[in-house]
>>> print(open('start.txt').read())   # compact mmCIF, C-alpha atoms
# COMPACT_ATOMS: atom_id res chain seq x y z
CA MET P 13 -27.60 -6.62 -1.61
CA SER P 14 -31.32 -5.92 -1.31
CA SER P 15 -31.91 -8.54 1.37
CA PRO P 16 -29.71 -9.39 4.37
CA LEU P 17 -30.57 -13.08 3.93
CA VAL P 18 -30.80 -15.24 0.82
CA ILE P 19 -31.78 -18.90 1.12
CA ASP P 20 -30.71 -21.12 -1.76
CA ALA P 21 -33.60 -22.90 -3.47
CA PRO P 22 -33.59 -26.71 -3.73
CA GLY P 23 -31.48 -27.94 -6.59
CA PRO P 24 -27.73 -27.74 -6.09
CA ALA P 25 -26.03 -30.29 -3.91
CA SER P 26 -24.70 -27.53 -1.65
CA ARG P 27 -27.36 -25.18 -0.40
CA PHE P 28 -26.67 -22.15 1.75
CA ALA P 29 -28.20 -19.39 3.80
CA ARG P 30 -26.21 -16.33 2.73
CA PHE P 31 -25.90 -13.26 4.94
CA SER P 32 -24.94 -9.88 3.50
CA MET P 33 -25.86 -6.23 3.82
CA ALA P 34 -25.25 -2.95 2.05
CA GLY P 35 -22.08 -2.50 4.08
CA ILE P 36 -20.26 0.70 4.82
CA GLU P 37 -18.63 3.50 2.85
CA ALA P 38 -16.46 6.38 4.06
CA LEU P 39 -14.43 9.27 2.70
CA GLY P 40 -11.32 10.71 4.29
CA THR P 41 -9.70 13.98 3.28
CA VAL P 42 -6.15 14.81 4.34
CA THR P 43 -4.12 17.99 3.81
CA LEU P 44 -0.34 17.64 3.94
CA ASN P 45 1.62 20.84 4.60
CA GLY P 46 5.15 20.46 3.33
CA ALA P 47 8.14 22.70 3.84
CA ALA P 48 10.23 24.16 1.05
CA GLY P 49 12.14 21.40 -0.73
CA ASP P 50 9.89 18.57 0.48
CA THR P 51 8.75 15.98 -2.06
CA GLY P 52 5.79 13.64 -2.11
CA THR P 53 7.94 10.55 -2.49
CA GLY P 54 7.02 7.81 -0.03
CA TRP P 55 3.84 9.39 1.37
CA GLU P 56 0.69 7.30 1.21
CA ILE P 57 -2.88 7.91 2.40
CA ALA P 58 -5.52 5.21 2.87
CA PHE P 59 -7.74 3.51 5.44
CA ILE P 60 -6.69 0.69 7.79
CA GLN P 61 -9.33 -1.61 9.28
CA ALA P 62 -9.33 -4.11 12.13
CA GLN P 63 -11.99 -6.54 13.22
CA TRP P 64 -12.03 -7.02 16.98
CA ILE P 65 -15.20 -9.01 17.77
CA GLU P 66 -16.70 -11.98 15.97
CA THR P 67 -19.75 -14.00 16.91
CA ASN P 68 -20.36 -16.79 14.42
CA TRP P 69 -22.35 -19.91 15.16
CA GLY P 70 -24.98 -22.11 13.57
CA TYR P 71 -27.34 -24.66 15.09
CA TYR P 72 -28.83 -27.61 13.20
CA ARG P 73 -31.38 -30.13 14.27
CA GLY P 74 -33.10 -33.14 12.74
CA ALA P 75 -36.75 -33.57 11.91
CA THR P 76 -37.35 -35.38 15.19
CA ASN P 77 -35.64 -35.40 18.58
CA GLY P 78 -34.06 -38.74 17.74
CA ASP P 79 -32.41 -37.33 14.61
CA GLY P 80 -30.10 -35.28 16.80
CA SER P 81 -28.57 -31.82 16.59
CA VAL P 82 -25.28 -30.19 15.59
CA PHE P 83 -23.63 -26.98 16.80
CA ILE P 84 -21.10 -25.21 14.57
CA GLN P 85 -18.85 -22.66 16.28
CA ARG P 86 -16.56 -20.57 14.06
CA ALA P 87 -15.63 -17.78 16.47
CA ARG P 88 -13.81 -19.61 19.26
CA PRO P 89 -10.48 -21.46 19.40
CA PRO P 90 -9.27 -23.56 17.77
CA ALA P 91 -11.42 -22.58 14.76
CA ARG P 92 -10.64 -18.90 15.40
CA PRO P 93 -7.52 -18.61 17.56
CA HIS P 94 -7.89 -14.86 18.22
CA GLN P 95 -10.74 -12.39 17.94
CA ALA P 96 -8.66 -9.51 16.52
CA CYS P 97 -7.37 -9.46 12.96
CA ARG P 98 -6.42 -6.92 10.33
CA ASP P 99 -9.03 -6.59 7.62
CA SER P 100 -7.52 -5.85 4.22
CA ALA P 101 -8.40 -6.96 0.71
CA LYS P 102 -4.94 -8.46 0.21
CA ALA P 103 -3.62 -10.62 3.04
CA SER P 104 -0.17 -9.02 3.07
CA SER P 105 -1.38 -5.40 3.17
CA VAL P 106 -1.62 -3.00 6.08
CA PHE P 107 -3.85 -0.59 4.20
CA TYR P 108 -7.33 -1.90 3.43
CA VAL P 109 -6.56 -1.49 -0.27
CA ASP P 110 -2.94 -0.68 -1.10
CA ASN P 111 -3.28 -0.29 -4.84
CA PRO P 112 -3.56 3.29 -6.18
CA ALA P 113 -4.77 1.92 -9.52
CA GLN P 114 -7.81 0.21 -8.01
CA VAL P 115 -10.90 2.16 -8.97
CA SER P 116 -13.57 2.51 -6.32
CA ASN P 117 -17.26 1.91 -6.83
CA PRO P 118 -19.30 4.02 -4.39
CA GLN P 119 -22.83 2.73 -3.82
CA THR P 120 -23.86 6.09 -2.39
CA PRO P 121 -23.38 9.45 -4.15
CA ILE P 122 -20.10 11.26 -3.48
CA PRO P 123 -20.85 14.58 -1.71
CA GLY P 124 -20.39 17.38 -4.20
CA GLY P 125 -20.32 14.97 -7.12
CA GLY P 126 -17.24 14.33 -9.18
CA ALA P 127 -15.24 11.21 -9.83
CA PRO P 128 -15.08 8.55 -7.11
CA PRO P 129 -11.91 8.96 -5.03
CA PRO P 130 -9.37 6.10 -5.00
CA PHE P 131 -8.91 3.74 -2.07
CA ASP P 132 -5.22 4.56 -1.86
CA VAL P 133 -3.23 7.68 -2.75
CA GLN P 134 0.54 7.58 -3.19
CA LEU P 135 1.85 11.10 -3.60
CA PRO P 136 3.92 11.87 -6.69
CA ALA P 137 7.48 13.01 -6.17
CA ALA P 138 6.64 16.40 -7.59
CA ALA P 139 3.67 16.94 -5.30
CA GLY P 140 3.21 20.62 -4.50
CA PHE P 141 2.42 21.45 -0.90
CA PRO P 142 0.05 22.02 0.74
CA LEU P 143 -1.64 19.03 -0.88
CA THR P 144 -5.15 17.78 -0.19
CA ALA P 145 -6.14 14.22 -1.07
CA THR P 146 -9.38 12.29 -0.55
CA VAL P 147 -9.54 8.52 -0.17
CA PHE P 148 -12.49 6.15 -0.22
CA HIS P 149 -13.40 3.15 1.89
CA GLN P 150 -15.98 0.42 1.26
CA ASP P 151 -16.72 -2.89 2.90
CA LEU P 152 -19.51 -5.37 2.26
CA PRO P 153 -18.80 -8.25 4.64
CA GLY P 154 -20.87 -11.40 4.62
CA ASP P 155 -20.96 -15.06 5.46
CA ALA P 156 -22.94 -18.21 4.77
CA TYR P 157 -24.05 -21.46 6.40
CA ASN P 158 -24.95 -24.72 4.78
CA LEU P 159 -28.66 -25.40 5.08
CA LEU P 160 -28.11 -29.11 5.63
CA ARG P 161 -25.68 -31.22 7.62
CA THR P 162 -25.55 -34.93 8.33
CA ASN P 163 -25.31 -35.77 12.02
CA SER P 164 -22.60 -38.43 12.32
CA MET P 165 -24.06 -39.73 15.62
CA THR P 166 -27.48 -40.51 14.18
CA GLY P 167 -26.70 -40.65 10.46
CA LYS P 168 -29.70 -38.38 9.94
CA LEU P 169 -29.94 -35.16 8.02
CA ASN P 170 -30.04 -32.11 10.31
CA PHE P 171 -31.54 -28.83 9.11
CA LEU P 172 -30.29 -25.31 9.81
CA ARG P 173 -32.25 -23.98 12.77
CA GLU P 174 -30.50 -20.79 13.92
CA VAL P 175 -27.52 -18.59 13.00
CA GLN P 176 -25.98 -15.62 14.80
CA LEU P 177 -23.28 -13.43 13.27
CA GLU P 178 -21.70 -10.30 14.76
CA PHE P 179 -18.76 -8.56 13.13
CA HIS P 180 -17.30 -5.50 14.90
CA PHE P 181 -14.76 -3.31 13.12
CA CYS P 182 -12.68 -0.20 13.67
CA THR P 183 -11.70 1.79 10.58
CA VAL P 184 -8.82 4.27 10.72
CA LEU P 185 -7.80 7.03 8.34
CA ALA P 186 -4.01 6.89 8.20
CA VAL P 187 -0.97 8.42 6.53
CA LYS P 188 2.27 6.53 5.99
CA ASP P 189 5.45 8.59 5.82
CA PRO P 190 8.55 7.81 3.74
CA ALA P 191 10.12 6.02 6.73
CA GLY P 192 7.16 3.59 6.85
CA ARG P 193 5.65 5.09 10.02
CA TYR P 194 1.87 5.35 10.28
CA LYS P 195 0.05 8.39 11.58
CA PHE P 196 -3.56 7.75 12.60
CA LEU P 197 -5.77 10.75 11.92
CA LYS P 198 -9.40 9.71 12.53
CA HIS P 199 -11.23 6.51 13.38
CA PHE P 200 -14.73 5.14 13.81
CA TYR P 201 -16.34 1.91 14.94
CA TRP P 202 -19.03 -0.01 13.11
CA ASN P 203 -20.63 -3.42 13.24
CA MET P 204 -23.07 -5.72 11.51
CA HIS P 205 -25.38 -8.20 13.24
CA TRP P 206 -27.48 -11.01 11.82
CA GLN P 207 -29.60 -13.46 13.79
CA TYR P 208 -32.15 -15.69 12.12
CA GLU P 209 -34.26 -18.65 13.15
CA PHE P 210 -34.98 -21.18 10.41
CA THR P 211 -37.69 -23.77 9.96
CA ALA P 212 -37.45 -26.63 7.49
CA THR P 213 -41.02 -27.06 6.34
CA ASN P 214 -40.98 -30.39 4.49
CA THR P 215 -38.15 -32.38 6.01
CA ALA P 216 -39.38 -35.56 4.33
CA ALA P 217 -37.93 -34.11 1.11
CA GLY P 218 -34.45 -34.42 2.63
CA VAL P 219 -31.97 -32.27 0.72
CA GLY P 220 -34.93 -30.76 -1.14
CA ALA P 221 -36.52 -29.40 2.04
CA ASP P 222 -37.93 -25.88 1.98
CA PHE P 223 -36.88 -23.32 4.55
CA THR P 224 -38.53 -20.29 6.06
CA ALA P 225 -36.63 -17.75 8.15
CA LYS P 226 -37.63 -15.46 11.00
CA GLU P 227 -35.47 -12.37 11.40
CA ILE P 228 -34.44 -11.77 14.98
CA GLN P 229 -32.05 -9.02 13.98
CA ALA P 230 -30.33 -7.81 10.82
CA LYS P 231 -28.78 -4.40 11.28
CA GLY P 232 -25.65 -2.31 11.15
CA ASN P 233 -24.41 0.39 13.53
CA VAL P 234 -21.85 3.18 13.11
CA SER P 235 -20.16 5.23 15.84
CA PRO P 236 -19.31 8.92 15.71
CA ILE P 237 -15.93 9.77 14.18
CA TYR P 238 -13.12 10.20 16.67
CA ASP P 239 -9.87 12.11 16.36
CA GLY P 240 -6.47 10.51 16.37
CA GLU P 241 -5.29 7.05 17.19
CA ALA P 242 -7.43 4.04 18.06
CA THR P 243 -5.77 2.77 21.25
CA ASP P 244 -8.12 -0.05 22.29
CA TYR P 245 -5.84 -2.88 23.43
CA ARG P 246 -8.18 -5.46 21.92
CA PHE P 247 -7.11 -4.56 18.38
CA ALA P 248 -4.50 -1.76 18.45
CA GLY P 249 -1.78 -4.38 18.10
CA VAL P 250 -3.00 -5.66 14.75
CA LEU P 251 -3.45 -2.35 12.92
CA THR P 252 0.06 -2.17 11.47
CA ALA P 253 1.93 -5.19 12.88
CA PRO P 254 3.63 -7.04 10.00
CA ALA P 255 2.62 -10.45 11.40
CA ALA P 256 -1.04 -9.61 12.07
CA VAL P 257 -3.45 -12.23 10.79
CA ASN P 258 -5.76 -11.27 7.93
CA CYS P 259 -9.51 -11.37 8.64
CA ASN P 260 -10.48 -12.91 5.29
CA VAL P 261 -7.94 -15.69 5.83
CA VAL P 262 -9.20 -16.31 9.38
CA ALA P 263 -12.85 -16.25 8.31
CA ALA P 264 -12.32 -18.68 5.44
CA ALA P 265 -10.30 -21.04 7.63
CA SER P 266 -12.87 -21.06 10.42
CA ALA P 267 -15.69 -21.71 7.94
CA LYS P 268 -13.74 -24.62 6.50
CA ASN P 269 -12.71 -26.08 9.87
CA PRO P 270 -15.20 -24.98 12.53
CA ASN P 271 -15.59 -26.40 16.02
CA VAL P 272 -18.31 -29.05 15.75
CA LYS P 273 -20.41 -30.49 18.59
CA GLU P 274 -22.99 -33.16 17.94
CA SER P 275 -25.77 -34.69 19.98
CA SER P 276 -28.06 -37.63 19.38
CA VAL P 277 -31.00 -35.54 20.57
CA TRP P 278 -32.15 -31.91 20.28
CA HIS P 279 -29.53 -30.50 22.60
CA ASN P 280 -29.31 -26.92 23.90
CA PHE P 281 -25.66 -26.07 23.20
CA ASP P 282 -23.86 -23.26 24.99
CA VAL P 283 -23.29 -20.73 22.20
CA ARG P 284 -20.69 -18.82 24.26
CA VAL P 285 -18.01 -21.50 23.86
CA MET X 14 37.17 -22.85 -24.80
CA ALA X 15 35.38 -24.47 -27.71
CA GLN X 16 34.70 -27.57 -25.63
CA LEU X 17 33.03 -25.45 -23.00
CA ARG X 18 30.86 -23.60 -25.43
CA ARG X 19 29.23 -26.63 -27.02
CA PRO X 20 27.33 -27.87 -23.92
CA ARG X 21 26.02 -24.38 -23.31
CA MET X 22 24.63 -24.21 -26.83
CA MET X 23 22.95 -27.60 -26.45
CA PHE X 24 21.33 -26.47 -23.20
CA ALA X 25 20.00 -23.35 -24.89
CA LEU X 26 18.59 -25.43 -27.73
CA VAL X 27 16.76 -27.76 -25.35
CA CYS X 28 15.21 -24.82 -23.53
CA ALA X 29 14.04 -23.27 -26.78
CA LEU X 30 12.44 -26.51 -27.95
CA GLY X 31 10.67 -26.92 -24.61
CA PHE X 32 9.25 -23.42 -24.81
CA VAL X 33 7.97 -23.91 -28.34
CA ALA X 34 6.30 -27.20 -27.43
CA GLY X 35 4.57 -25.60 -24.42
CA ALA X 36 3.38 -22.65 -26.41
CA HIS X 37 2.02 -24.97 -29.07
CA ASP X 38 0.09 -26.95 -26.44
CA THR X 39 -1.90 -23.96 -25.23
CA ALA X 40 -2.16 -22.10 -28.52
CA LYS X 41 -5.47 -23.80 -29.28
CA LEU X 42 -7.15 -22.62 -26.12
CA SER X 43 -10.24 -20.43 -26.30
CA LEU X 44 -11.61 -18.30 -23.47
CA THR X 45 -15.24 -17.36 -24.06
CA THR X 46 -16.96 -14.61 -22.08
CA SER X 47 -20.05 -14.20 -24.20
CA GLY X 48 -22.44 -15.47 -21.51
CA ALA X 49 -23.62 -13.48 -18.51
CA PRO X 50 -21.12 -10.89 -17.19
CA GLY X 51 -18.35 -12.68 -15.31
CA SER X 52 -18.89 -16.00 -17.07
CA LEU X 53 -15.99 -17.90 -18.61
CA VAL X 54 -15.83 -21.07 -20.70
CA ILE X 55 -12.37 -22.48 -21.49
CA THR X 56 -12.04 -24.95 -24.36
CA ASN X 57 -9.00 -26.94 -25.38
CA HIS X 58 -9.20 -27.25 -29.17
CA GLY X 59 -5.81 -28.95 -29.35
CA SER X 60 -4.97 -32.62 -29.72
CA ALA X 61 -3.23 -32.97 -26.35
CA GLU X 62 -4.20 -32.47 -22.74
CA ILE X 63 -3.07 -29.17 -21.25
CA GLN X 64 -2.57 -28.04 -17.68
CA LEU X 65 -3.66 -24.58 -16.59
CA ILE X 66 -2.87 -22.59 -13.47
CA ARG X 67 -5.85 -22.74 -11.11
CA ALA X 68 -5.80 -19.05 -10.18
CA ILE X 69 -7.33 -16.83 -12.87
CA LYS X 70 -6.20 -13.23 -13.11
CA ILE X 71 -8.68 -10.43 -13.72
CA GLU X 72 -7.81 -7.15 -15.40
CA HIS X 73 -9.77 -3.91 -15.54
CA LYS X 74 -9.49 -1.39 -18.36
CA THR X 75 -8.72 2.00 -16.89
CA GLY X 76 -7.98 4.60 -19.54
CA ASP X 77 -5.91 2.81 -22.15
CA ARG X 78 -4.30 0.35 -19.70
CA TRP X 79 -5.31 -3.03 -18.31
CA GLN X 80 -4.83 -2.99 -14.53
CA PRO X 81 -4.77 -6.15 -12.39
CA VAL X 82 -7.69 -6.60 -10.01
CA GLU X 83 -7.39 -8.30 -6.61
CA ALA X 84 -10.10 -10.96 -6.52
CA GLU X 85 -10.80 -14.58 -5.61
CA PHE X 86 -11.37 -16.31 -8.94
CA LYS X 87 -10.30 -19.86 -9.72
CA LEU X 88 -10.62 -22.43 -12.42
CA VAL X 89 -13.40 -24.49 -10.86
CA ALA X 90 -16.61 -25.81 -12.38
CA ASP X 91 -18.36 -26.30 -9.05
CA CYS X 92 -17.82 -24.55 -5.71
CA ALA X 93 -18.27 -27.88 -3.96
CA GLU X 94 -15.06 -29.00 -5.63
CA VAL X 95 -12.82 -26.14 -4.58
CA PRO X 96 -9.50 -27.92 -4.37
CA ALA X 97 -6.82 -27.99 -1.76
CA LYS X 98 -4.12 -25.31 -1.88
CA ALA X 99 -1.59 -27.77 -3.27
CA ASP X 100 -3.68 -28.39 -6.36
CA LYS X 101 -2.29 -25.51 -8.42
CA CYS X 102 -2.92 -26.91 -11.88
CA VAL X 103 -6.06 -28.03 -13.70
CA ARG X 104 -5.99 -30.67 -16.43
CA LEU X 105 -8.07 -29.99 -19.50
CA ALA X 106 -8.32 -32.89 -21.93
CA SER X 107 -8.16 -32.50 -25.68
CA GLN X 108 -11.43 -31.08 -27.06
CA ALA X 109 -12.77 -30.61 -23.52
CA SER X 110 -14.45 -27.48 -22.15
CA LEU X 111 -14.65 -26.16 -18.61
CA THR X 112 -17.43 -23.81 -17.61
CA VAL X 113 -16.01 -21.80 -14.74
CA VAL X 114 -18.17 -20.71 -11.80
CA PRO X 115 -18.71 -17.04 -12.79
CA TRP X 116 -16.98 -14.06 -11.20
CA THR X 117 -19.43 -11.97 -9.18
CA GLY X 118 -17.60 -8.65 -9.45
CA PHE X 119 -16.51 -8.72 -5.79
CA SER X 120 -12.98 -8.98 -4.40
CA CYS X 121 -13.38 -11.59 -1.64
CA SER X 122 -16.77 -13.10 -2.48
CA GLY X 123 -15.74 -13.15 -6.12
CA GLN X 124 -16.68 -16.75 -6.74
CA CYS X 125 -16.96 -19.55 -4.16
CA ASN X 126 -15.71 -17.84 -1.02
CA ARG X 127 -18.69 -16.83 1.12
CA SER X 128 -16.95 -15.91 4.40
CA CYS X 129 -15.68 -12.40 3.80
CA ARG X 130 -14.78 -9.49 6.03
CA ALA X 131 -12.90 -7.13 3.66
CA ASN X 132 -15.01 -7.21 0.52
CA VAL X 133 -15.09 -4.63 -2.26
CA LYS X 134 -17.47 -4.36 -5.22
CA TYR X 135 -15.62 -3.51 -8.42
CA PRO X 136 -17.04 -0.75 -10.60
CA ALA X 137 -18.93 -1.23 -13.81
CA GLY X 138 -16.67 -1.28 -16.81
CA ARG X 139 -14.57 -3.39 -19.11
CA TYR X 140 -12.76 -6.44 -17.72
CA ARG X 141 -10.96 -9.50 -19.06
CA PHE X 142 -9.65 -12.79 -17.68
CA VAL X 143 -6.10 -14.11 -18.01
CA VAL X 144 -5.40 -17.84 -17.80
CA ALA X 145 -1.87 -19.21 -17.83
CA SER X 146 -0.39 -22.58 -18.74
CA CYS X 147 1.24 -24.57 -15.95
CA SER X 148 3.93 -25.93 -18.22
CA ASP X 149 5.30 -22.72 -19.68
CA GLY X 150 3.40 -19.86 -18.07
CA VAL X 151 2.08 -18.65 -21.43
CA ALA X 152 -0.87 -16.36 -20.74
CA HIS X 153 -4.14 -16.38 -22.65
CA THR X 154 -6.54 -13.47 -22.37
CA SER X 155 -10.26 -13.64 -22.88
CA ASP X 156 -12.28 -11.23 -24.91
CA PRO X 157 -13.22 -8.18 -22.84
CA PHE X 158 -16.63 -8.13 -21.22
CA GLU X 159 -18.70 -5.46 -19.55
CA LEU X 160 -19.39 -5.73 -15.84
CA PRO X 161 -22.64 -3.88 -15.11
>>> encode(input="start.txt", output="structure tokens")
Amino acid sequence: MSSPLVIDAPGPASRFARFSMAGIEALGTVTLNGAAGDTGTGWEIAFIQAQWIETNWGYYRGATNGDGSVFIQRARPPARPHQACRDSAKASSVFYVDNPAQVSNPQTPIPGGGAPPPFDVQLPAAAGFPLTATVFHQDLPGDAYNLLRTNSMTGKLNFLREVQLEFHFCTVLAVKDPAGRYKFLKHFYWNMHWQYEFTATNTAAGVGADFTAKEIQAKGNVSPIYDGEATDYRFAGVLTAPAAVNCNVVAAASAKNPNVKESSVWHNFDVRV
Amino acid sequence: MAQLRRPRMMFALVCALGFVAGAHDTAKLSLTTSGAPGSLVITNHGSAEIQLIRAIKIEHKTGDRWQPVEAEFKLVADCAEVPAKADKCVRLASQASLTVVPWTGFSCSGQCNRSCRANVKYPAGRYRFVVASCSDGVAHTSDPFELP
């Protein structure tokens, strides 16, 4: 993850511009104060994450004006029916990772040292109260665009010219009680933006063309940490709803079936729709 | 009562024969992980074609137990050929090998999937792959390998 952009070298039939960054990591510590006779059965501590904004488009154009241009839109209907989705490693999960056995792999040192905390803590029945548990969160989102695309209007190869990606998330530290109710303790916002302009330098080579890239932006941002529940109507409904769509599923589907607009010339497409 | 028992016994015998035949089909399968970390080559050393479940399971050694790992990893030789959802089984001819696109060590971007939002990097350690037969579900585990 040393570079936010990797451009595949000529060779394989499918060549991509791949966008990734170091991502985000977080720790959450919770103390549960039980009364006499309480057990740990059914209590679970982990992070929940929602994505609430996605910008995701790519623009291709041919070597000459007459070779045409193509606009790929992945972030608008019907490719992406809704902006908000729940972001968990397993599509059916509410918690980001709902497996206490899954070992975490912090990329940054854990404050105070010691073993990396788990993503998910399920309290043992014999838990003694008060009980303090720490959970870990990590996300390294990314995406990719083909470097080449054939324009069906002109039959000519079009070359990746520009890509813009914006993923905005809200991450929530939560506790689930034995009745299945979630209590939101803390939350923070974060996002990752990529925007690059590409130039195919030897288009006569066709699929073997070389590409250079100019970074317009490649950065991440993190908000302060806020107390309590995240109530923003744009994503609050997907945090724990059983039927909420999963972000990985939505992202893969929109990459496979994006909205495609083509032109027989170098057209200036409206990237907002 | 005796007349009722006989058909049941015949049914049990047929099931047992079917299971043995399936197990025999995949018994000569080798899973090689001796290449780069995450690499997998599957070879059918048997005399008949076998069908394998497309989804490959990954397990991580934690303590003395092998724990399942949630990751995108499929039996494909080329990401450009990632099949439709309905294509759950892969045919492997007698004496044929399949070099699988390697596992990257990530959950979502584990192999061919490049559009990921929730994406976790698994820790360094000992892992193994588990491939199962479509016909009888018999599982075959690879040799362990070290993920750096």
>>> closest_atom_pairs(input="start.txt", of="chain X", to="chain P", cutoff="9 Å", atoms="all atoms listed in the file", output="CSV")
residue,atom,partner,partner_atom,distance
X:His73,CA,P:Gln114,CA,8.8
X:Thr75,CA,P:Val115,CA,8.2
X:Gln80,CA,P:Ala113,CA,7.0
X:Pro81,CA,P:Gln114,CA,8.3
X:Val82,CA,P:Gln114,CA,7.1
X:Glu83,CA,P:Lys102,CA,7.2
X:Ala84,CA,P:Ala101,CA,8.4
X:Cys92,CA,P:Ser26,CA,8.5
X:Ala93,CA,P:Ser26,CA,6.8
X:Ser120,CA,P:Ala101,CA,7.2
X:Cys121,CA,P:Ala101,CA,7.2
X:Ser122,CA,P:Gly154,CA,8.4
X:Asn126,CA,P:Ala264,CA,7.3
X:Arg127,CA,P:Asp155,CA,5.2
X:Ser128,CA,P:Asp155,CA,4.2
X:Cys129,CA,P:Pro153,CA,5.3
X:Arg130,CA,P:Pro153,CA,4.4
X:Ala131,CA,P:Ala101,CA,5.4
X:Asn132,CA,P:Leu152,CA,5.2
X:Val133,CA,P:Asp151,CA,5.7
X:Lys134,CA,P:Asn117,CA,6.5
X:Tyr135,CA,P:Asn117,CA,5.9
X:Pro136,CA,P:Asn117,CA,4.6
X:Ala137,CA,P:Asn117,CA,7.8
>>> atom_distance(input="start.txt", atom1="atom CA of X:Ile63", atom2="atom CA of X:Ser110")
11.5 Å
>>> residues_around(input="start.txt", residues="X:Leu160", least_positions_apart="2", cutoff="8 Å", atoms="all atoms listed in the file", output="VMD selection string")
chain X and resid 50 to 51 118 136 to 140 158
>>> closest_residue(input="start.txt", among="P:Cys97, P:Ala137, P:Ala91, P:Met204", to="P:Val257", atoms="all atoms listed in the file")
P:Cys97
>>> residues_around(input="start.txt", residues="X:Ala109", least_positions_apart="3", cutoff="9 Å", atoms="all atoms listed in the file", output="compact mmCIF listing (two decimals) with C-alpha atoms, in the frame of the given file")
# COMPACT_ATOMS: atom_id res chain seq x y z
CA ILE X 55 -12.37 -22.48 -21.49
CA THR X 56 -12.04 -24.95 -24.36
CA ASN X 57 -9.00 -26.94 -25.38
CA HIS X 58 -9.20 -27.25 -29.17
CA GLU X 62 -4.20 -32.47 -22.74
CA LEU X 105 -8.07 -29.99 -19.50
CA ALA X 106 -8.32 -32.89 -21.93
>>> atom_distance(input="start.txt", atom1="atom CA of X:Gln124", atom2="atom CA of X:Phe142")
13.6 Å
>>> atom_distance(input="start.txt", atom1="atom CA of P:Ala29", atom2="atom CA of X:Ala49")
23.5 Å
>>> closest_residue(input="start.txt", among="X:Val103, X:Ser148, X:Cys125, X:Thr112", to="X:Ser43", atoms="all atoms listed in the file")
X:Thr112
>>> residues_around(input="start.txt", residues="P:Phe141", least_positions_apart="2", cutoff="12 Å", atoms="only C-alpha atoms", output="VMD selection string")
chain P and resid 43 to 52 135 to 139 143 to 145
